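Chemist: One file is attached below, final_39.cif, containing mmCIF, C-alpha atoms (C1' of nucleotides).
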data_start
loop_
_atom_site.label_atom_id
_atom_site.label_comp_id
_atom_site.auth_asym_id
_atom_site.auth_seq_id
_atom_site.Cartn_x
_atom_site.Cartn_y
_atom_site.Cartn_z
CA MET J 1 2.53 -27.93 1.63
CA ALA J 2 1.37 -26.05 -1.41
CA GLU J 3 4.91 -25.70 -2.68
CA TYR J 4 5.14 -29.43 -3.00
CA MET J 5 1.83 -29.91 -4.75
CA SER J 6 2.54 -31.90 -7.88
CA TYR J 7 1.14 -30.94 -11.24
CA GLU J 8 -1.23 -33.90 -11.04
CA GLU J 9 -2.50 -32.79 -7.65
CA TYR J 10 -2.89 -29.29 -9.00
CA LEU J 11 -4.96 -30.51 -11.94
CA ALA J 12 -7.18 -32.53 -9.64
CA ASN J 13 -7.73 -29.61 -7.28
CA VAL J 14 -8.45 -27.20 -10.09
CA LYS J 15 -10.93 -29.65 -11.57
CA LYS J 16 -12.66 -29.85 -8.22
CA GLY J 17 -12.89 -26.08 -8.09
CA ILE J 18 -10.78 -25.96 -4.96
CA LEU J 19 -8.13 -23.72 -6.47
CA THR J 20 -10.28 -21.01 -7.94
CA ASP J 21 -9.08 -17.58 -8.88
CA ARG J 22 -11.21 -16.06 -6.12
CA GLY J 23 -9.87 -18.53 -3.63
CA ASN J 24 -6.58 -20.13 -2.94
CA CYS J 25 -4.86 -19.83 -6.29
CA PRO J 26 -2.87 -16.65 -6.69
CA VAL J 27 -2.92 -16.25 -10.43
CA THR J 28 -4.62 -12.88 -10.63
CA PRO J 29 -2.25 -11.11 -8.20
CA LEU J 30 0.76 -11.83 -10.39
CA LEU J 31 -1.09 -10.98 -13.58
CA THR J 32 -2.10 -7.71 -11.98
CA MET J 33 1.54 -7.00 -11.13
CA LEU J 34 2.52 -7.67 -14.74
CA ARG J 35 -0.26 -5.51 -16.10
CA GLY J 36 0.85 -2.48 -18.00
CA LYS J 37 2.46 -1.81 -21.32
CA TRP J 38 6.05 -1.73 -20.06
CA LYS J 39 6.08 -4.19 -17.16
CA THR J 40 7.60 -7.22 -18.86
CA GLN J 41 9.93 -5.17 -21.01
CA VAL J 42 11.35 -3.56 -17.89
CA LEU J 43 11.58 -6.90 -16.10
CA TYR J 44 13.54 -8.33 -19.01
CA GLU J 45 16.18 -5.71 -18.45
CA PHE J 46 16.76 -7.18 -15.01
CA CYS J 47 17.17 -10.61 -16.55
CA VAL J 48 20.09 -9.26 -18.55
CA HIS J 49 21.68 -6.85 -16.08
CA ASP J 50 21.88 -7.46 -12.35
CA ARG J 51 21.70 -3.74 -11.70
CA VAL J 52 20.45 -1.05 -14.01
CA ARG J 53 20.22 2.69 -13.76
CA PHE J 54 17.27 4.82 -14.76
CA CYS J 55 18.96 6.36 -17.78
CA GLN J 56 20.17 2.95 -18.97
CA LEU J 57 16.60 1.64 -18.88
CA LYS J 58 15.49 4.64 -20.89
CA LYS J 59 18.11 3.87 -23.52
CA ASP J 60 17.15 0.20 -23.66
CA LEU J 61 13.43 0.84 -23.93
CA PRO J 62 12.86 3.00 -26.99
CA GLY J 63 9.70 5.02 -26.73
CA ILE J 64 9.24 4.95 -22.99
CA THR J 65 8.71 8.30 -21.33
CA ASN J 66 10.04 9.48 -17.98
CA THR J 67 6.57 9.26 -16.57
CA MET J 68 5.91 5.70 -17.65
CA LEU J 69 9.33 4.40 -16.68
CA SER J 70 9.06 6.05 -13.30
CA THR J 71 5.54 4.76 -12.72
CA THR J 72 6.44 1.26 -13.86
CA LEU J 73 9.48 1.10 -11.61
CA ARG J 74 7.58 2.37 -8.60
CA GLU J 75 4.84 -0.22 -9.09
CA LEU J 76 7.30 -3.07 -9.53
CA GLU J 77 9.13 -1.96 -6.41
CA SER J 78 5.92 -1.57 -4.47
CA ASP J 79 4.94 -5.10 -5.50
CA GLY J 80 8.29 -6.38 -4.27
CA LEU J 81 9.55 -7.61 -7.63
CA ILE J 82 12.49 -5.21 -7.84
CA PHE J 83 14.61 -3.22 -5.43
CA ARG J 84 15.68 0.39 -5.65
CA GLU J 85 18.98 1.60 -4.29
CA GLN J 86 19.72 5.28 -4.14
CA PHE J 87 23.25 6.68 -3.80
CA ASN J 88 23.65 10.11 -2.37
CA GLU J 89 25.93 11.43 -5.04
CA ILE J 90 25.91 14.36 -7.38
CA PRO J 91 24.77 13.77 -10.01
CA PRO J 92 22.30 11.33 -8.44
CA ARG J 93 22.64 7.61 -9.03
CA VAL J 94 19.87 5.09 -8.56
CA GLU J 95 20.13 1.40 -9.33
CA TYR J 96 17.36 -1.10 -9.80
CA GLY J 97 17.40 -4.88 -9.87
CA PHE J 98 15.47 -8.06 -9.19
CA THR J 99 14.51 -9.07 -5.68
CA GLU J 100 14.50 -12.80 -5.04
CA MET J 101 10.75 -12.72 -5.57
CA GLY J 102 11.27 -11.03 -8.91
CA ARG J 103 13.99 -13.42 -10.04
CA ASP J 104 11.69 -16.29 -9.17
CA LEU J 105 9.50 -15.18 -12.04
CA LEU J 106 11.90 -16.77 -14.48
CA PRO J 107 10.38 -20.27 -14.24
CA VAL J 108 7.02 -18.64 -14.97
CA PHE J 109 8.39 -16.86 -18.01
CA TYR J 110 10.02 -20.09 -19.11
CA GLU J 111 6.67 -21.88 -19.00
CA ILE J 112 5.02 -19.03 -20.90
CA MET J 113 7.75 -19.21 -23.50
CA ARG J 114 7.20 -22.95 -23.93
CA TRP J 115 3.49 -22.33 -24.39
CA GLY J 116 4.23 -19.56 -26.83
CA PHE J 117 6.52 -21.64 -28.98
CA LYS J 118 4.18 -24.60 -28.98
CA HIS J 119 1.33 -22.44 -30.25
CA GLU J 120 3.41 -20.03 -32.24
CA ASN J 121 1.41 -20.34 -35.43
CA GLU J 122 -1.97 -19.95 -33.75
CA VAL J 123 -0.80 -16.97 -31.74
CA LEU J 124 0.51 -15.24 -34.82
CA ALA J 125 -2.67 -16.02 -36.73
CA GLY J 126 -4.74 -14.36 -34.05
CA SER J 127 -2.66 -11.21 -33.98
CA VAL J 128 -3.19 -10.45 -37.66
CA ASP J 129 -5.93 -7.94 -36.93
CA MET T 130 13.88 -26.68 -31.56
CA ALA T 131 12.57 -24.06 -29.19
CA GLU T 132 10.15 -26.51 -27.64
CA TYR T 133 13.05 -28.53 -26.39
CA MET T 134 15.02 -25.66 -24.94
CA SER T 135 15.84 -26.59 -21.38
CA TYR T 136 15.40 -24.20 -18.50
CA GLU T 137 19.16 -23.81 -18.29
CA GLU T 138 19.38 -22.93 -21.97
CA TYR T 139 16.53 -20.52 -21.50
CA LEU T 140 18.29 -18.76 -18.63
CA ALA T 141 21.47 -18.50 -20.64
CA ASN T 142 19.67 -17.05 -23.65
CA VAL T 143 17.71 -14.58 -21.57
CA LYS T 144 20.92 -13.47 -19.86
CA LYS T 145 22.49 -12.89 -23.27
CA GLY T 146 19.49 -10.78 -24.25
CA ILE T 147 18.63 -13.16 -27.09
CA LEU T 148 15.14 -13.88 -25.83
CA THR T 149 13.89 -10.37 -25.27
CA ASP T 150 10.28 -9.35 -24.99
CA ARG T 151 10.57 -7.45 -28.25
CA GLY T 152 12.19 -10.39 -29.94
CA ASN T 153 11.80 -14.10 -29.92
CA CYS T 154 10.19 -14.66 -26.57
CA PRO T 155 6.42 -14.65 -26.69
CA VAL T 156 5.61 -13.53 -23.18
CA THR T 157 3.72 -10.38 -24.00
CA PRO T 158 1.27 -12.02 -26.44
CA LEU T 159 -0.07 -14.34 -23.75
CA LEU T 160 -0.12 -11.61 -21.12
CA THR T 161 -2.10 -9.49 -23.56
CA MET T 162 -4.57 -12.34 -24.03
CA LEU T 163 -4.96 -12.65 -20.26
CA ARG T 164 -5.36 -8.91 -19.82
CA GLY T 165 -8.67 -7.82 -18.46
CA LYS T 166 -10.43 -8.00 -15.16
CA TRP T 167 -12.38 -11.20 -15.89
CA LYS T 168 -10.07 -13.20 -18.15
CA THR T 169 -8.59 -15.63 -15.66
CA GLN T 170 -11.79 -15.97 -13.68
CA VAL T 171 -13.59 -17.03 -16.85
CA LEU T 172 -10.78 -19.37 -17.84
CA TYR T 173 -10.99 -21.07 -14.46
CA GLU T 174 -14.57 -22.01 -15.21
CA PHE T 175 -13.30 -24.04 -18.13
CA CYS T 176 -10.85 -25.80 -15.86
CA VAL T 177 -13.79 -27.04 -13.82
CA HIS T 178 -16.39 -27.66 -16.52
CA ASP T 179 -15.58 -29.01 -19.95
CA ARG T 180 -18.50 -27.09 -21.40
CA VAL T 181 -20.27 -24.12 -19.88
CA ARG T 182 -23.22 -22.05 -20.97
CA PHE T 183 -23.45 -18.27 -20.86
CA CYS T 184 -25.97 -18.17 -18.03
CA GLN T 185 -23.93 -20.64 -15.99
CA LEU T 186 -20.88 -18.41 -16.29
CA LYS T 187 -22.95 -15.46 -15.15
CA LYS T 188 -24.02 -17.39 -12.09
CA ASP T 189 -20.50 -18.49 -11.28
CA LEU T 190 -19.00 -15.03 -11.67
CA PRO T 191 -20.77 -12.71 -9.27
CA GLY T 192 -20.63 -9.11 -10.37
CA ILE T 193 -19.94 -9.65 -14.06
CA THR T 194 -22.25 -7.87 -16.45
CA ASN T 195 -23.61 -9.17 -19.73
CA THR T 196 -21.38 -6.74 -21.54
CA MET T 197 -18.18 -7.79 -19.84
CA LEU T 198 -18.89 -11.51 -20.03
CA SER T 199 -19.76 -11.22 -23.69
CA THR T 200 -16.69 -9.14 -24.48
CA THR T 201 -14.40 -11.43 -22.49
CA LEU T 202 -15.71 -14.54 -24.19
CA ARG T 203 -15.40 -13.01 -27.65
CA GLU T 204 -11.81 -12.00 -27.00
CA LEU T 205 -10.85 -15.40 -25.61
CA GLU T 206 -12.45 -17.06 -28.61
CA SER T 207 -10.79 -14.67 -31.02
CA ASP T 208 -7.44 -15.45 -29.40
CA GLY T 209 -8.07 -19.16 -29.86
CA LEU T 210 -8.12 -20.05 -26.16
CA ILE T 211 -11.76 -21.17 -26.07
CA PHE T 212 -14.32 -22.46 -28.56
CA ARG T 213 -17.93 -21.40 -28.95
CA GLU T 214 -20.62 -23.82 -30.08
CA GLN T 215 -24.06 -22.53 -30.91
CA PHE T 216 -27.11 -24.79 -31.05
CA ASN T 217 -30.05 -23.65 -33.12
CA GLU T 218 -32.70 -24.24 -30.49
CA ILE T 219 -35.36 -22.17 -28.83
CA PRO T 220 -34.51 -20.93 -26.30
CA PRO T 221 -30.98 -20.52 -27.66
CA ARG T 222 -28.13 -22.58 -26.27
CA VAL T 223 -24.45 -21.73 -26.57
CA GLU T 224 -21.63 -23.68 -25.00
CA TYR T 225 -18.05 -22.60 -24.40
CA GLY T 226 -14.97 -24.58 -23.53
CA PHE T 227 -11.19 -24.79 -23.75
CA THR T 228 -9.45 -25.33 -27.03
CA GLU T 229 -6.26 -27.39 -26.85
CA MET T 230 -4.34 -24.14 -26.86
CA GLY T 231 -6.40 -22.94 -23.93
CA ARG T 232 -6.02 -26.13 -21.96
CA ASP T 233 -2.27 -25.91 -22.47
CA LEU T 234 -2.32 -22.87 -20.21
CA LEU T 235 -2.62 -25.14 -17.20
CA PRO T 236 1.13 -25.72 -16.85
CA VAL T 237 1.56 -21.95 -16.93
CA PHE T 238 -1.04 -21.48 -14.22
CA TYR T 239 0.62 -24.23 -12.22
CA GLU T 240 3.92 -22.41 -12.34
CA ILE T 241 2.24 -19.16 -11.34
CA MET T 242 0.56 -20.93 -8.44
CA ARG T 243 3.92 -22.28 -7.25
CA TRP T 244 5.36 -18.78 -7.42
CA GLY T 245 2.34 -17.43 -5.59
CA PHE T 246 2.52 -19.91 -2.75
CA LYS T 247 6.26 -19.47 -2.38
CA HIS T 248 5.84 -15.72 -2.01
CA GLU T 249 2.43 -15.78 -0.41
CA ASN T 250 3.33 -13.53 2.50
CA GLU T 251 5.09 -10.92 0.37
CA VAL T 252 2.25 -10.86 -2.14
CA LEU T 253 -0.34 -10.34 0.57
CA ALA T 254 1.79 -7.66 2.21
CA GLY T 255 1.92 -5.74 -1.03
CA SER T 256 -1.82 -5.90 -1.60
CA VAL T 257 -2.68 -4.22 1.68
CA ASP T 258 -3.17 -0.85 0.04
"C1'" DC N 259 20.81 12.24 -13.47
"C1'" DA N 260 16.47 10.89 -11.87
"C1'" DG N 261 12.70 12.04 -11.50
"C1'" DG N 262 7.81 15.02 -10.35
"C1'" DA N 263 3.67 17.99 -11.96
"C1'" DT N 264 0.26 18.89 -15.07
"C1'" DC N 265 -2.82 18.18 -18.68
"C1'" DC N 266 -4.90 15.44 -22.51
"C1'" DC N 267 -6.43 11.50 -25.05
"C1'" DA N 268 -7.56 6.52 -25.50
"C1'" DA N 269 -8.95 2.26 -23.60
"C1'" DA N 270 -11.19 -0.48 -20.11
"C1'" DT N 271 -15.05 -1.13 -17.25
"C1'" DG N 272 -19.72 -0.60 -15.77
"C1'" DA N 273 -25.04 0.62 -15.59
"C1'" DT N 274 -29.15 0.38 -17.90
"C1'" DA N 275 -32.27 -0.79 -21.26
"C1'" DC N 276 -33.59 -3.56 -25.04
"C1'" DT N 277 -33.94 -7.81 -28.69
"C1'" DG N 278 -34.22 -12.32 -31.71
"C1'" DC K 279 -31.37 -17.72 -23.20
"C1'" DA K 280 -27.80 -15.25 -25.01
"C1'" DG K 281 -26.69 -11.69 -26.03
"C1'" DT K 282 -26.44 -6.09 -28.33
"C1'" DA K 283 -26.73 -0.86 -27.97
"C1'" DT K 284 -25.94 3.21 -25.66
"C1'" DC K 285 -24.00 6.13 -22.47
"C1'" DA K 286 -21.29 7.30 -18.23
"C1'" DT K 287 -17.27 6.56 -15.49
"C1'" DT K 288 -12.70 5.03 -14.38
"C1'" DT K 289 -8.14 3.76 -15.46
"C1'" DG K 290 -4.04 3.66 -18.39
"C1'" DG K 291 -0.87 5.91 -21.31
"C1'" DG K 292 1.59 9.75 -23.14
"C1'" DA K 293 3.41 14.74 -24.15
"C1'" DT K 294 5.44 18.55 -22.30
"C1'" DC K 295 7.69 21.22 -19.09
"C1'" DC K 296 10.01 21.75 -14.69
"C1'" DT K 297 13.33 20.64 -10.46
"C1'" DG K 298 16.74 19.08 -6.57
#
Could you write out this file's structure as structure tokens?

Modeler:
Amino acid sequence: MAEYMSYEEYLANVKKGILTDRGNCPVTPLLTMLRGKWKTQVLYEFCVHDRVRFCQLKKDLPGITNTMLSTTLRELESDGLIFREQFNEIPPRVEYGFTEMGRDLLPVFYEIMRWGFKHENEVLAGSVD
Amino acid sequence: MAEYMSYEEYLANVKKGILTDRGNCPVTPLLTMLRGKWKTQVLYEFCVHDRVRFCQLKKDLPGITNTMLSTTLRELESDGLIFREQFNEIPPRVEYGFTEMGRDLLPVFYEIMRWGFKHENEVLAGSVD
DNA sequence: CAGGATCCCAAATGATACTG
DNA sequence: CAGTATCATTTGGGATCCTG
């Protein structure tokens, strides 16, 4: 049912306080999953490449350390947003990529992008400090 | 131009790596604004009430301290998502509410809610720990 | 190659007390 | 009422070195 809730229904329910953050509306869980300095940057890699290896991610993300990349990947995998496939080869090979759940974030990112472009000037003004 | 980019165009540009997180796509700025334990919970209050006072927010957000509520509100205001109106009365009265930029987050939250409901079971499974 | 282990610093959060 | 000040605690992030 909830999947088919229209934007107008959503607005009405939010206004009524039915869809609160501590209730039925799962906004915080996703934001928690995306929390962390490298989360979205890593996720973007999976938008570009269907499968990426650890060392490729390191190359594409200047400044990230082994520790942070490893931690970030483990959290994203644990949250179900990406998969991890390990090949028993020497040298080792591990590939990462979006799960369906992870790929379904794209409409969310699209909406964030629209918001960002609409308020581009204000956002930039606020980030001066 | 960017405001009119369709979802299909967006997907194509993301795939090409044109809209990266370190480039033209403002995903991180918003996520940074929403970062913090109480951010979305406070924002939800403004979805329900057009104008809310400090003490009302405290009542509606069990567990929040003066410090955290004050800090959260100052950050949201500094980012331009909410306004703050102070009345020179005794006892003091201060009201907070959405700016247009803040209210424009609702389509984003709607998209997150759709994602959340679609993957409800997986999200809950991951949050067991 | 793909990481794990360890240690250190910075930022976020929280408890408590106080003020115009 | 609407906060601020101070201090303690927890979490996040990073540097460096090591390993199957």

Chemist: Please provide as a list in words all residues within 12 Å of DA286 of chain K, with the sequence filter that same-chain residues fewer than 4 positions apart are discarded (counting all atoms listed in the file).

Modeler: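 Contacts, with the query itself left out: DT271, DG272, DA273 and DT274 of chain N.
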
Chemist: To verify the selection step, state as a VMD selection string which residues the PyMOL selection byres ((chain T and resi 233-238) around 8) yields on this input.

Modeler: (chain J and resid 7 11 27 108 111 to 112 115) or (chain T and resid 229 to 232 239 to 242)

Chemist: Please list as an NGL selection string every residue within 12 Å of DG298 of chain K, counting all atoms listed in the file and excluding residues in the same chain fewer than 4 positions away.

Modeler: (:J and (90-92)) or (:N and (259-262))

Chemist: Up to 8 Å from chain K, what residues of chain T turn up? Count only C-alpha atoms (C1' of nucleotides) and give them as JSON, numbers by chain.

Modeler: {"T": [183, 184, 195, 199, 220, 221, 222, 223]}

Chemist: Evaluated on this file, the PyMOL selection byres ((chain J) within 8 of (chain T)) picks out some residues - which ones are they, written as number ranges by chain?

Modeler: J: 2-3, 7, 10-11, 14-17, 20-22, 25-31, 34-35, 40-41, 44, 47-49, 78-80, 101, 104-119, 122-123, 126-127

Chemist: With C-alpha atoms retained, export the selected residues as a short mmCIF file (atom, residue, chain, number, x, y, z; two decimals), in the coordinates of the input.

Modeler:
data_model
loop_
_atom_site.label_atom_id
_atom_site.label_comp_id
_atom_site.auth_asym_id
_atom_site.auth_seq_id
_atom_site.Cartn_x
_atom_site.Cartn_y
_atom_site.Cartn_z
CA ALA J 2 1.37 -26.05 -1.41
CA GLU J 3 4.91 -25.70 -2.68
CA TYR J 7 1.14 -30.94 -11.24
CA TYR J 10 -2.89 -29.29 -9.00
CA LEU J 11 -4.96 -30.51 -11.94
CA VAL J 14 -8.45 -27.20 -10.09
CA LYS J 15 -10.93 -29.65 -11.57
CA LYS J 16 -12.66 -29.85 -8.22
CA GLY J 17 -12.89 -26.08 -8.09
CA THR J 20 -10.28 -21.01 -7.94
CA ASP J 21 -9.08 -17.58 -8.88
CA ARG J 22 -11.21 -16.06 -6.12
CA CYS J 25 -4.86 -19.83 -6.29
CA PRO J 26 -2.87 -16.65 -6.69
CA VAL J 27 -2.92 -16.25 -10.43
CA THR J 28 -4.62 -12.88 -10.63
CA PRO J 29 -2.25 -11.11 -8.20
CA LEU J 30 0.76 -11.83 -10.39
CA LEU J 31 -1.09 -10.98 -13.58
CA LEU J 34 2.52 -7.67 -14.74
CA ARG J 35 -0.26 -5.51 -16.10
CA THR J 40 7.60 -7.22 -18.86
CA GLN J 41 9.93 -5.17 -21.01
CA TYR J 44 13.54 -8.33 -19.01
CA CYS J 47 17.17 -10.61 -16.55
CA VAL J 48 20.09 -9.26 -18.55
CA HIS J 49 21.68 -6.85 -16.08
CA SER J 78 5.92 -1.57 -4.47
CA ASP J 79 4.94 -5.10 -5.50
CA GLY J 80 8.29 -6.38 -4.27
CA MET J 101 10.75 -12.72 -5.57
CA ASP J 104 11.69 -16.29 -9.17
CA LEU J 105 9.50 -15.18 -12.04
CA LEU J 106 11.90 -16.77 -14.48
CA PRO J 107 10.38 -20.27 -14.24
CA VAL J 108 7.02 -18.64 -14.97
CA PHE J 109 8.39 -16.86 -18.01
CA TYR J 110 10.02 -20.09 -19.11
CA GLU J 111 6.67 -21.88 -19.00
CA ILE J 112 5.02 -19.03 -20.90
CA MET J 113 7.75 -19.21 -23.50
CA ARG J 114 7.20 -22.95 -23.93
CA TRP J 115 3.49 -22.33 -24.39
CA GLY J 116 4.23 -19.56 -26.83
CA PHE J 117 6.52 -21.64 -28.98
CA LYS J 118 4.18 -24.60 -28.98
CA HIS J 119 1.33 -22.44 -30.25
CA GLU J 122 -1.97 -19.95 -33.75
CA VAL J 123 -0.80 -16.97 -31.74
CA GLY J 126 -4.74 -14.36 -34.05
CA SER J 127 -2.66 -11.21 -33.98
#

Chemist: Since chain T and chain J share a sequence, can you fit the second onto the first over all C-alpha atoms in order and output it as an mmCIF file with C-alpha atoms, in the coordinates of the input?

Modeler:
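Contents of selection.cif, freshly written:
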data_model
loop_
_atom_site.group_PDB
_atom_site.id
_atom_site.type_symbol
_atom_site.label_atom_id
_atom_site.label_comp_id
_atom_site.auth_asym_id
_atom_site.auth_seq_id
_atom_site.Cartn_x
_atom_site.Cartn_y
_atom_site.Cartn_z
ATOM 1 C CA MET J 1 13.651 -26.769 -31.434
ATOM 2 C CA ALA J 2 12.374 -24.149 -29.062
ATOM 3 C CA GLU J 3 9.993 -26.603 -27.459
ATOM 4 C CA TYR J 4 12.916 -28.642 -26.291
ATOM 5 C CA MET J 5 14.924 -25.757 -24.917
ATOM 6 C CA SER J 6 15.814 -26.655 -21.359
ATOM 7 C CA TYR J 7 15.393 -24.237 -18.504
ATOM 8 C CA GLU J 8 19.167 -23.851 -18.344
ATOM 9 C CA GLU J 9 19.344 -23.003 -22.030
ATOM 10 C CA TYR J 10 16.503 -20.569 -21.552
ATOM 11 C CA LEU J 11 18.303 -18.818 -18.705
ATOM 12 C CA ALA J 12 21.464 -18.550 -20.764
ATOM 13 C CA ASN J 13 19.626 -17.128 -23.764
ATOM 14 C CA VAL J 14 17.697 -14.651 -21.676
ATOM 15 C CA LYS J 15 20.912 -13.527 -20.019
ATOM 16 C CA LYS J 16 22.420 -12.965 -23.435
ATOM 17 C CA GLY J 17 19.442 -10.862 -24.427
ATOM 18 C CA ILE J 18 18.552 -13.257 -27.209
ATOM 19 C CA LEU J 19 15.066 -13.947 -25.907
ATOM 20 C CA THR J 20 13.831 -10.439 -25.364
ATOM 21 C CA ASP J 21 10.223 -9.447 -25.064
ATOM 22 C CA ARG J 22 10.458 -7.534 -28.342
ATOM 23 C CA GLY J 23 12.059 -10.482 -30.028
ATOM 24 C CA ASN J 24 11.659 -14.182 -29.918
ATOM 25 C CA CYS J 25 10.073 -14.684 -26.526
ATOM 26 C CA PRO J 26 6.302 -14.597 -26.591
ATOM 27 C CA VAL J 27 5.559 -13.497 -23.071
ATOM 28 C CA THR J 28 3.680 -10.310 -23.845
ATOM 29 C CA PRO J 29 1.199 -11.909 -26.283
ATOM 30 C CA LEU J 30 -0.114 -14.267 -23.620
ATOM 31 C CA LEU J 31 -0.177 -11.573 -20.963
ATOM 32 C CA THR J 32 -2.141 -9.418 -23.366
ATOM 33 C CA MET J 33 -4.626 -12.253 -23.878
ATOM 34 C CA LEU J 34 -5.034 -12.584 -20.114
ATOM 35 C CA ARG J 35 -5.455 -8.865 -19.636
ATOM 36 C CA GLY J 36 -8.795 -7.786 -18.331
ATOM 37 C CA LYS J 37 -10.623 -8.014 -15.064
ATOM 38 C CA TRP J 38 -12.512 -11.225 -15.840
ATOM 39 C CA LYS J 39 -10.152 -13.179 -18.092
ATOM 40 C CA THR J 40 -8.678 -15.609 -15.581
ATOM 41 C CA GLN J 41 -11.906 -15.987 -13.660
ATOM 42 C CA VAL J 42 -13.652 -17.041 -16.851
ATOM 43 C CA LEU J 43 -10.804 -19.361 -17.809
ATOM 44 C CA TYR J 44 -11.038 -21.053 -14.428
ATOM 45 C CA GLU J 45 -14.589 -22.011 -15.213
ATOM 46 C CA PHE J 46 -13.287 -24.033 -18.137
ATOM 47 C CA CYS J 47 -10.854 -25.788 -15.833
ATOM 48 C CA VAL J 48 -13.809 -27.048 -13.826
ATOM 49 C CA HIS J 49 -16.386 -27.682 -16.545
ATOM 50 C CA ASP J 50 -15.553 -29.013 -19.989
ATOM 51 C CA ARG J 51 -18.457 -27.095 -21.467
ATOM 52 C CA VAL J 52 -20.268 -24.149 -19.992
ATOM 53 C CA ARG J 53 -23.208 -22.088 -21.094
ATOM 54 C CA PHE J 54 -23.469 -18.325 -20.979
ATOM 55 C CA CYS J 55 -26.026 -18.239 -18.186
ATOM 56 C CA GLN J 56 -24.007 -20.725 -16.123
ATOM 57 C CA LEU J 57 -20.953 -18.472 -16.376
ATOM 58 C CA LYS J 58 -23.063 -15.550 -15.242
ATOM 59 C CA LYS J 59 -24.172 -17.511 -12.193
ATOM 60 C CA ASP J 60 -20.625 -18.578 -11.366
ATOM 61 C CA LEU J 61 -19.144 -15.114 -11.724
ATOM 62 C CA PRO J 62 -20.978 -12.832 -9.319
ATOM 63 C CA GLY J 63 -20.885 -9.239 -10.425
ATOM 64 C CA ILE J 64 -20.135 -9.749 -14.083
ATOM 65 C CA THR J 65 -22.422 -7.963 -16.500
ATOM 66 C CA ASN J 66 -23.735 -9.217 -19.829
ATOM 67 C CA THR J 67 -21.483 -6.786 -21.588
ATOM 68 C CA MET J 68 -18.301 -7.829 -19.838
ATOM 69 C CA LEU J 69 -18.989 -11.546 -20.048
ATOM 70 C CA SER J 70 -19.809 -11.243 -23.716
ATOM 71 C CA THR J 71 -16.741 -9.133 -24.441
ATOM 72 C CA THR J 72 -14.473 -11.420 -22.447
ATOM 73 C CA LEU J 73 -15.745 -14.527 -24.196
ATOM 74 C CA ARG J 74 -15.399 -12.989 -27.631
ATOM 75 C CA GLU J 75 -11.809 -11.949 -26.933
ATOM 76 C CA LEU J 76 -10.853 -15.350 -25.559
ATOM 77 C CA GLU J 77 -12.409 -17.001 -28.587
ATOM 78 C CA SER J 78 -10.742 -14.591 -30.960
ATOM 79 C CA ASP J 79 -7.404 -15.366 -29.306
ATOM 80 C CA GLY J 80 -8.039 -19.073 -29.781
ATOM 81 C CA LEU J 81 -8.107 -19.982 -26.099
ATOM 82 C CA ILE J 82 -11.732 -21.125 -26.052
ATOM 83 C CA PHE J 83 -14.259 -22.400 -28.551
ATOM 84 C CA ARG J 84 -17.860 -21.373 -29.004
ATOM 85 C CA GLU J 85 -20.513 -23.786 -30.164
ATOM 86 C CA GLN J 86 -23.947 -22.534 -31.032
ATOM 87 C CA PHE J 87 -27.004 -24.806 -31.219
ATOM 88 C CA ASN J 88 -29.894 -23.694 -33.312
ATOM 89 C CA GLU J 89 -32.551 -24.288 -30.732
ATOM 90 C CA ILE J 90 -35.240 -22.228 -29.124
ATOM 91 C CA PRO J 91 -34.435 -20.991 -26.597
ATOM 92 C CA PRO J 92 -30.875 -20.566 -27.889
ATOM 93 C CA ARG J 93 -28.053 -22.630 -26.449
ATOM 94 C CA VAL J 94 -24.391 -21.748 -26.698
ATOM 95 C CA GLU J 95 -21.571 -23.689 -25.101
ATOM 96 C CA TYR J 96 -18.036 -22.583 -24.446
ATOM 97 C CA GLY J 97 -14.938 -24.548 -23.533
ATOM 98 C CA PHE J 98 -11.167 -24.748 -23.732
ATOM 99 C CA THR J 99 -9.392 -25.276 -27.023
ATOM 100 C CA GLU J 100 -6.225 -27.337 -26.814
ATOM 101 C CA MET J 101 -4.295 -24.077 -26.800
ATOM 102 C CA GLY J 102 -6.371 -22.874 -23.881
ATOM 103 C CA ARG J 103 -6.019 -26.095 -21.909
ATOM 104 C CA ASP J 104 -2.279 -25.873 -22.407
ATOM 105 C CA LEU J 105 -2.332 -22.837 -20.161
ATOM 106 C CA LEU J 106 -2.620 -25.082 -17.141
ATOM 107 C CA PRO J 107 1.139 -25.686 -16.790
ATOM 108 C CA VAL J 108 1.548 -21.904 -16.878
ATOM 109 C CA PHE J 109 -1.034 -21.424 -14.159
ATOM 110 C CA TYR J 110 0.615 -24.185 -12.170
ATOM 111 C CA GLU J 111 3.948 -22.365 -12.308
ATOM 112 C CA ILE J 112 2.272 -19.100 -11.316
ATOM 113 C CA MET J 113 0.618 -20.855 -8.413
ATOM 114 C CA ARG J 114 3.964 -22.230 -7.237
ATOM 115 C CA TRP J 115 5.433 -18.741 -7.406
ATOM 116 C CA GLY J 116 2.448 -17.368 -5.568
ATOM 117 C CA PHE J 117 2.660 -19.842 -2.734
ATOM 118 C CA LYS J 118 6.394 -19.435 -2.377
ATOM 119 C CA HIS J 119 6.022 -15.677 -1.994
ATOM 120 C CA GLU J 120 2.652 -15.699 -0.340
ATOM 121 C CA ASN J 121 3.632 -13.480 2.556
ATOM 122 C CA GLU J 122 5.361 -10.870 0.412
ATOM 123 C CA VAL J 123 2.489 -10.759 -2.043
ATOM 124 C CA LEU J 124 -0.024 -10.247 0.718
ATOM 125 C CA ALA J 125 2.143 -7.586 2.329
ATOM 126 C CA GLY J 126 2.220 -5.632 -0.895
ATOM 127 C CA SER J 127 -1.520 -5.742 -1.396
ATOM 128 C CA VAL J 128 -2.290 -4.074 1.924
ATOM 129 C CA ASP J 129 -2.778 -0.683 0.309
#

Chemist: Using the file's own x, y and z axes, what box holds all listed atoms of segment 81-84 of chain J with 5 Å on each side, keeping edges along x, y and z, and what are its centre and edge lengths in Å to one decimal, as AutoDock Vina command-line options?

Modeler:
--center_x 12.6 --center_y -3.6 --center_z -6.6 --size_x 16.1 --size_y 18.0 --size_z 12.4
